[in-house]
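Trainee: Quick one: the structure is below, questions incoming.
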Amino acid sequence: CERAARPDGAHADVVLDTLVAPSLPIADAVTRVHGIREADLEGVSFTRDHAQRALRQICCDRTILVGHSIANDLEALRFCHPCVVDTAVAFGVEGGSADASPALRDVAHAALPEGIGELHSGGAHDS
């Protein structure tokens, strides 16, 4: 799944929000981690090439990409960008090993106003 938003003053307009069709068969969908089911990908025709082209159109050298474990997404997309903020790195696990990364819900709880994490509790994916 790829989602891009562009800040516009106090607002952020979503400029890309789409699932990307897997290029290989899925061995383990890890739905428990991100909420995306294999059935959600049926009929998705937006490919890695489409995602790369879209990101090249959206991003410039001043664009800051922010994401949770975003290095994994960028590697899967084979997309390099010079300015990346990875919340899994920026918000380390207190007392954890150097390679441990916090769950996104824990980062959200620590960084966002109280109660905002409960806005979407249906268990389905929402980028």
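Ordered as shown in the structure tokens, chains take letters A, B, and onward, while each chain numbers its residues from 1 and ligands are numbered from 1 in the order shown.
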Residues near Gly92 of chain A, anyone? I mean within 7 Å using only C-alpha atoms, not counting same-chain ones fewer than 3 positions away, as a list of chain:residue names.
Mentor: A:Ala88, A:Val89, A:Ser101, A:Pro102
Trainee: Please produce an output containing N, CA, C and O atoms for each residue in the selection, written as a short mmCIF file (atom, residue, chain, number, x, y, z; two decimals), in the first residue's frame.
Mentor:
data_model
loop_
_atom_site.label_atom_id
_atom_site.label_comp_id
_atom_site.auth_asym_id
_atom_site.auth_seq_id
_atom_site.Cartn_x
_atom_site.Cartn_y
_atom_site.Cartn_z
N ALA A 88 9.85 4.39 12.78
CA ALA A 88 10.30 3.21 13.52
C ALA A 88 11.71 3.42 14.07
O ALA A 88 12.09 2.83 15.07
N VAL A 89 12.47 4.29 13.40
CA VAL A 89 13.83 4.62 13.86
C VAL A 89 13.79 5.84 14.78
O VAL A 89 14.44 5.86 15.83
N SER A 101 12.20 -2.11 16.82
CA SER A 101 11.40 -0.95 16.42
C SER A 101 10.04 -1.04 17.09
O SER A 101 9.49 -2.12 17.27
N PRO A 102 9.49 0.11 17.46
CA PRO A 102 8.20 0.13 18.14
C PRO A 102 7.05 -0.14 17.17
O PRO A 102 7.17 0.06 15.97
#
Trainee: Using only C-alpha atoms, which protein or nucleic acid residues come within 8 Å of Asp86 of chain A? Drop anything in the same chain fewer than 4 positions from it, and give the result as a PyMOL selection string.
Mentor: chain A and resi 66-71+90
Trainee: Could you pull the residues within 7 Å of Leu65 of chain A, counting only C-alpha atoms, minus those fewer than 4 positions along the same chain, as a VMD selection string?
Mentor: chain A and resid 83 to 85
Trainee: Would you list, as a PDB file with N, CA, C and O atoms, in the first residue's frame, the residues of segment 16-114 of chain A that end up in helix (DSSP H, G or I) under DSSP run on this structure's backbone?
Mentor:
ATOM      1  N   THR A  31      -1.437 -10.217   7.491  1.00  0.00           N
ATOM      2  CA  THR A  31      -2.597  -9.348   7.694  1.00  0.00           C
ATOM      3  C   THR A  31      -2.641  -8.825   9.123  1.00  0.00           C
ATOM      4  O   THR A  31      -3.039  -7.690   9.358  1.00  0.00           O
ATOM      5  N   ARG A  32      -2.184  -9.620  10.071  1.00  0.00           N
ATOM      6  CA  ARG A  32      -2.201  -9.216  11.481  1.00  0.00           C
ATOM      7  C   ARG A  32      -1.350  -7.964  11.722  1.00  0.00           C
ATOM      8  O   ARG A  32      -1.564  -7.243  12.683  1.00  0.00           O
ATOM      9  N   VAL A  33      -0.402  -7.690  10.838  1.00  0.00           N
ATOM     10  CA  VAL A  33       0.473  -6.532  10.993  1.00  0.00           C
ATOM     11  C   VAL A  33      -0.133  -5.287  10.365  1.00  0.00           C
ATOM     12  O   VAL A  33      -0.181  -4.227  10.978  1.00  0.00           O
ATOM     13  N   HIS A  34      -0.605  -5.386   9.136  1.00  0.00           N
ATOM     14  CA  HIS A  34      -1.042  -4.198   8.409  1.00  0.00           C
ATOM     15  C   HIS A  34      -2.520  -4.180   8.026  1.00  0.00           C
ATOM     16  O   HIS A  34      -3.016  -3.173   7.541  1.00  0.00           O
ATOM     17  N   GLU A  38      -5.314 -10.845   1.455  1.00  0.00           N
ATOM     18  CA  GLU A  38      -5.060 -11.225   0.063  1.00  0.00           C
ATOM     19  C   GLU A  38      -6.246 -10.842  -0.818  1.00  0.00           C
ATOM     20  O   GLU A  38      -6.068 -10.397  -1.956  1.00  0.00           O
ATOM     21  N   ALA A  39      -7.455 -10.991  -0.299  1.00  0.00           N
ATOM     22  CA  ALA A  39      -8.653 -10.645  -1.066  1.00  0.00           C
ATOM     23  C   ALA A  39      -8.672  -9.156  -1.427  1.00  0.00           C
ATOM     24  O   ALA A  39      -9.222  -8.772  -2.470  1.00  0.00           O
ATOM     25  N   ASP A  40      -8.064  -8.308  -0.590  1.00  0.00           N
ATOM     26  CA  ASP A  40      -8.007  -6.872  -0.872  1.00  0.00           C
ATOM     27  C   ASP A  40      -7.172  -6.580  -2.117  1.00  0.00           C
ATOM     28  O   ASP A  40      -7.336  -5.529  -2.751  1.00  0.00           O
ATOM     29  N   LEU A  41      -6.262  -7.497  -2.444  1.00  0.00           N
ATOM     30  CA  LEU A  41      -5.368  -7.286  -3.578  1.00  0.00           C
ATOM     31  C   LEU A  41      -5.911  -7.848  -4.891  1.00  0.00           C
ATOM     32  O   LEU A  41      -5.343  -7.596  -5.959  1.00  0.00           O
ATOM     33  N   ARG A  48       4.250  -1.984  -9.306  1.00  0.00           N
ATOM     34  CA  ARG A  48       5.431  -1.295  -8.769  1.00  0.00           C
ATOM     35  C   ARG A  48       5.895  -0.221  -9.752  1.00  0.00           C
ATOM     36  O   ARG A  48       6.273   0.870  -9.342  1.00  0.00           O
ATOM     37  N   ASP A  49       5.870  -0.518 -11.048  1.00  0.00           N
ATOM     38  CA  ASP A  49       6.258   0.489 -12.044  1.00  0.00           C
ATOM     39  C   ASP A  49       5.350   1.715 -11.972  1.00  0.00           C
ATOM     40  O   ASP A  49       5.824   2.849 -12.052  1.00  0.00           O
ATOM     41  N   HIS A  50       4.049   1.484 -11.814  1.00  0.00           N
ATOM     42  CA  HIS A  50       3.111   2.608 -11.660  1.00  0.00           C
ATOM     43  C   HIS A  50       3.466   3.429 -10.420  1.00  0.00           C
ATOM     44  O   HIS A  50       3.464   4.664 -10.452  1.00  0.00           O
ATOM     45  N   ALA A  51       3.746   2.742  -9.321  1.00  0.00           N
ATOM     46  CA  ALA A  51       4.085   3.424  -8.065  1.00  0.00           C
ATOM     47  C   ALA A  51       5.371   4.229  -8.208  1.00  0.00           C
ATOM     48  O   ALA A  51       5.447   5.371  -7.735  1.00  0.00           O
ATOM     49  N   GLN A  52       6.369   3.647  -8.860  1.00  0.00           N
ATOM     50  CA  GLN A  52       7.624   4.372  -9.063  1.00  0.00           C
ATOM     51  C   GLN A  52       7.400   5.645  -9.877  1.00  0.00           C
ATOM     52  O   GLN A  52       7.898   6.715  -9.513  1.00  0.00           O
ATOM     53  N   ARG A  53       6.646   5.523 -10.966  1.00  0.00           N
ATOM     54  CA  ARG A  53       6.367   6.700 -11.810  1.00  0.00           C
ATOM     55  C   ARG A  53       5.596   7.765 -11.025  1.00  0.00           C
ATOM     56  O   ARG A  53       5.895   8.955 -11.108  1.00  0.00           O
ATOM     57  N   ALA A  54       4.602   7.321 -10.265  1.00  0.00           N
ATOM     58  CA  ALA A  54       3.800   8.269  -9.481  1.00  0.00           C
ATOM     59  C   ALA A  54       4.665   8.988  -8.453  1.00  0.00           C
ATOM     60  O   ALA A  54       4.558  10.213  -8.292  1.00  0.00           O
ATOM     61  N   LEU A  55       5.522   8.252  -7.762  1.00  0.00           N
ATOM     62  CA  LEU A  55       6.385   8.876  -6.752  1.00  0.00           C
ATOM     63  C   LEU A  55       7.380   9.838  -7.383  1.00  0.00           C
ATOM     64  O   LEU A  55       7.670  10.904  -6.820  1.00  0.00           O
ATOM     65  N   ARG A  56       7.897   9.485  -8.558  1.00  0.00           N
ATOM     66  CA  ARG A  56       8.819  10.403  -9.247  1.00  0.00           C
ATOM     67  C   ARG A  56       8.110  11.706  -9.636  1.00  0.00           C
ATOM     68  O   ARG A  56       8.715  12.771  -9.628  1.00  0.00           O
ATOM     69  N   GLN A  57       6.826  11.623  -9.971  1.00  0.00           N
ATOM     70  CA  GLN A  57       6.070  12.833 -10.318  1.00  0.00           C
ATOM     71  C   GLN A  57       5.761  13.677  -9.081  1.00  0.00           C
ATOM     72  O   GLN A  57       5.745  14.898  -9.146  1.00  0.00           O
ATOM     73  N   ILE A  58       5.504  13.015  -7.967  1.00  0.00           N
ATOM     74  CA  ILE A  58       5.121  13.710  -6.737  1.00  0.00           C
ATOM     75  C   ILE A  58       6.328  14.306  -6.019  1.00  0.00           C
ATOM     76  O   ILE A  58       6.260  15.399  -5.466  1.00  0.00           O
ATOM     77  N   ILE A  70       9.556   2.711   6.768  1.00  0.00           N
ATOM     78  CA  ILE A  70       9.461   3.098   5.357  1.00  0.00           C
ATOM     79  C   ILE A  70      10.588   2.529   4.513  1.00  0.00           C
ATOM     80  O   ILE A  70      10.438   2.342   3.303  1.00  0.00           O
ATOM     81  N   ALA A  71      11.704   2.206   5.130  1.00  0.00           N
ATOM     82  CA  ALA A  71      12.817   1.603   4.372  1.00  0.00           C
ATOM     83  C   ALA A  71      12.366   0.320   3.690  1.00  0.00           C
ATOM     84  O   ALA A  71      12.769   0.040   2.552  1.00  0.00           O
ATOM     85  N   ASN A  72      11.501  -0.450   4.363  1.00  0.00           N
ATOM     86  CA  ASN A  72      10.991  -1.686   3.760  1.00  0.00           C
ATOM     87  C   ASN A  72      10.143  -1.386   2.530  1.00  0.00           C
ATOM     88  O   ASN A  72      10.247  -2.074   1.506  1.00  0.00           O
ATOM     89  N   ASP A  73       9.285  -0.365   2.621  1.00  0.00           N
ATOM     90  CA  ASP A  73       8.436   0.020   1.486  1.00  0.00           C
ATOM     91  C   ASP A  73       9.283   0.499   0.311  1.00  0.00           C
ATOM     92  O   ASP A  73       9.047   0.115  -0.832  1.00  0.00           O
ATOM     93  N   LEU A  74      10.260   1.346   0.608  1.00  0.00           N
ATOM     94  CA  LEU A  74      11.098   1.889  -0.461  1.00  0.00           C
ATOM     95  C   LEU A  74      11.930   0.793  -1.117  1.00  0.00           C
ATOM     96  O   LEU A  74      12.130   0.801  -2.336  1.00  0.00           O
ATOM     97  N   GLU A  75      12.391  -0.167  -0.318  1.00  0.00           N
ATOM     98  CA  GLU A  75      13.142  -1.291  -0.885  1.00  0.00           C
ATOM     99  C   GLU A  75      12.239  -2.134  -1.783  1.00  0.00           C
ATOM    100  O   GLU A  75      12.633  -2.518  -2.889  1.00  0.00           O
ATOM    101  N   ALA A  76      11.024  -2.415  -1.330  1.00  0.00           N
ATOM    102  CA  ALA A  76      10.092  -3.207  -2.132  1.00  0.00           C
ATOM    103  C   ALA A  76       9.742  -2.486  -3.433  1.00  0.00           C
ATOM    104  O   ALA A  76       9.551  -3.126  -4.475  1.00  0.00           O
ATOM    105  N   LEU A  77       9.663  -1.164  -3.374  1.00  0.00           N
ATOM    106  CA  LEU A  77       9.356  -0.377  -4.562  1.00  0.00           C
ATOM    107  C   LEU A  77      10.582  -0.112  -5.429  1.00  0.00           C
ATOM    108  O   LEU A  77      10.460   0.413  -6.535  1.00  0.00           O
ATOM    109  N   THR A  87       9.671   6.637  11.206  1.00  0.00           N
ATOM    110  CA  THR A  87       9.202   6.732  12.587  1.00  0.00           C
ATOM    111  C   THR A  87       9.590   5.519  13.422  1.00  0.00           C
ATOM    112  O   THR A  87       9.668   5.620  14.643  1.00  0.00           O
ATOM    113  N   ALA A  88       9.851   4.389  12.779  1.00  0.00           N
ATOM    114  CA  ALA A  88      10.299   3.207  13.523  1.00  0.00           C
ATOM    115  C   ALA A  88      11.712   3.424  14.068  1.00  0.00           C
ATOM    116  O   ALA A  88      12.093   2.832  15.071  1.00  0.00           O
ATOM    117  N   VAL A  89      12.474   4.293  13.405  1.00  0.00           N
ATOM    118  CA  VAL A  89      13.827   4.619  13.858  1.00  0.00           C
ATOM    119  C   VAL A  89      13.793   5.840  14.785  1.00  0.00           C
ATOM    120  O   VAL A  89      14.439   5.865  15.833  1.00  0.00           O
ATOM    121  N   ALA A  90      13.009   6.844  14.400  1.00  0.00           N
ATOM    122  CA  ALA A  90      12.946   8.085  15.180  1.00  0.00           C
ATOM    123  C   ALA A  90      12.389   7.871  16.583  1.00  0.00           C
ATOM    124  O   ALA A  90      12.769   8.558  17.527  1.00  0.00           O
ATOM    125  N   LEU A 104       3.593   0.736  15.388  1.00  0.00           N
ATOM    126  CA  LEU A 104       3.050   2.018  14.952  1.00  0.00           C
ATOM    127  C   LEU A 104       2.037   2.559  15.952  1.00  0.00           C
ATOM    128  O   LEU A 104       1.999   3.754  16.226  1.00  0.00           O
ATOM    129  N   ARG A 105       1.229   1.675  16.563  1.00  0.00           N
ATOM    130  CA  ARG A 105       0.239   2.143  17.543  1.00  0.00           C
ATOM    131  C   ARG A 105       0.934   2.791  18.742  1.00  0.00           C
ATOM    132  O   ARG A 105       0.421   3.751  19.311  1.00  0.00           O
ATOM    133  N   ASP A 106       2.127   2.289  19.122  1.00  0.00           N
ATOM    134  CA  ASP A 106       2.865   2.877  20.238  1.00  0.00           C
ATOM    135  C   ASP A 106       3.450   4.237  19.856  1.00  0.00           C
ATOM    136  O   ASP A 106       3.467   5.165  20.665  1.00  0.00           O
ATOM    137  N   VAL A 107       3.912   4.367  18.614  1.00  0.00           N
ATOM    138  CA  VAL A 107       4.415   5.655  18.131  1.00  0.00           C
ATOM    139  C   VAL A 107       3.263   6.660  18.100  1.00  0.00           C
ATOM    140  O   VAL A 107       3.399   7.791  18.553  1.00  0.00           O
ATOM    141  N   ALA A 108       2.118   6.227  17.573  1.00  0.00           N
ATOM    142  CA  ALA A 108       0.949   7.115  17.513  1.00  0.00           C
ATOM    143  C   ALA A 108       0.531   7.556  18.916  1.00  0.00           C
ATOM    144  O   ALA A 108       0.213   8.723  19.141  1.00  0.00           O
ATOM    145  N   HIS A 109       0.535   6.612  19.847  1.00  0.00           N
ATOM    146  CA  HIS A 109       0.149   6.934  21.234  1.00  0.00           C
ATOM    147  C   HIS A 109       1.108   7.956  21.837  1.00  0.00           C
ATOM    148  O   HIS A 109       0.688   8.871  22.552  1.00  0.00           O
ATOM    149  N   ALA A 110       2.404   7.817  21.538  1.00  0.00           N
ATOM    150  CA  ALA A 110       3.404   8.716  22.109  1.00  0.00           C
ATOM    151  C   ALA A 110       3.424  10.086  21.430  1.00  0.00           C
ATOM    152  O   ALA A 110       3.678  11.096  22.076  1.00  0.00           O
ATOM    153  N   ALA A 111       3.115  10.135  20.128  1.00  0.00           N
ATOM    154  CA  ALA A 111       3.317  11.365  19.372  1.00  0.00           C
ATOM    155  C   ALA A 111       2.050  12.143  19.045  1.00  0.00           C
ATOM    156  O   ALA A 111       2.122  13.336  18.774  1.00  0.00           O
TER     157      ALA A 111
END
Trainee: Find the distance between atom CA of Thr18 of chain A and atom CA of Ser45 of chain A and write it in Å to one decimal.
Mentor: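 Computed distance, atom CA of Thr18 of chain A to atom CA of Ser45 of chain A, equals 10.1 Å.
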Trainee: Restricting the calculation to only C-alpha atoms, which member of A:Val20, A:Arg78, A:Cys59, A:Val30 is positioned closest to Glu42 of chain A?
Mentor: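 Using only C-alpha atoms, Glu42 of chain A sits closest to A:Val20.
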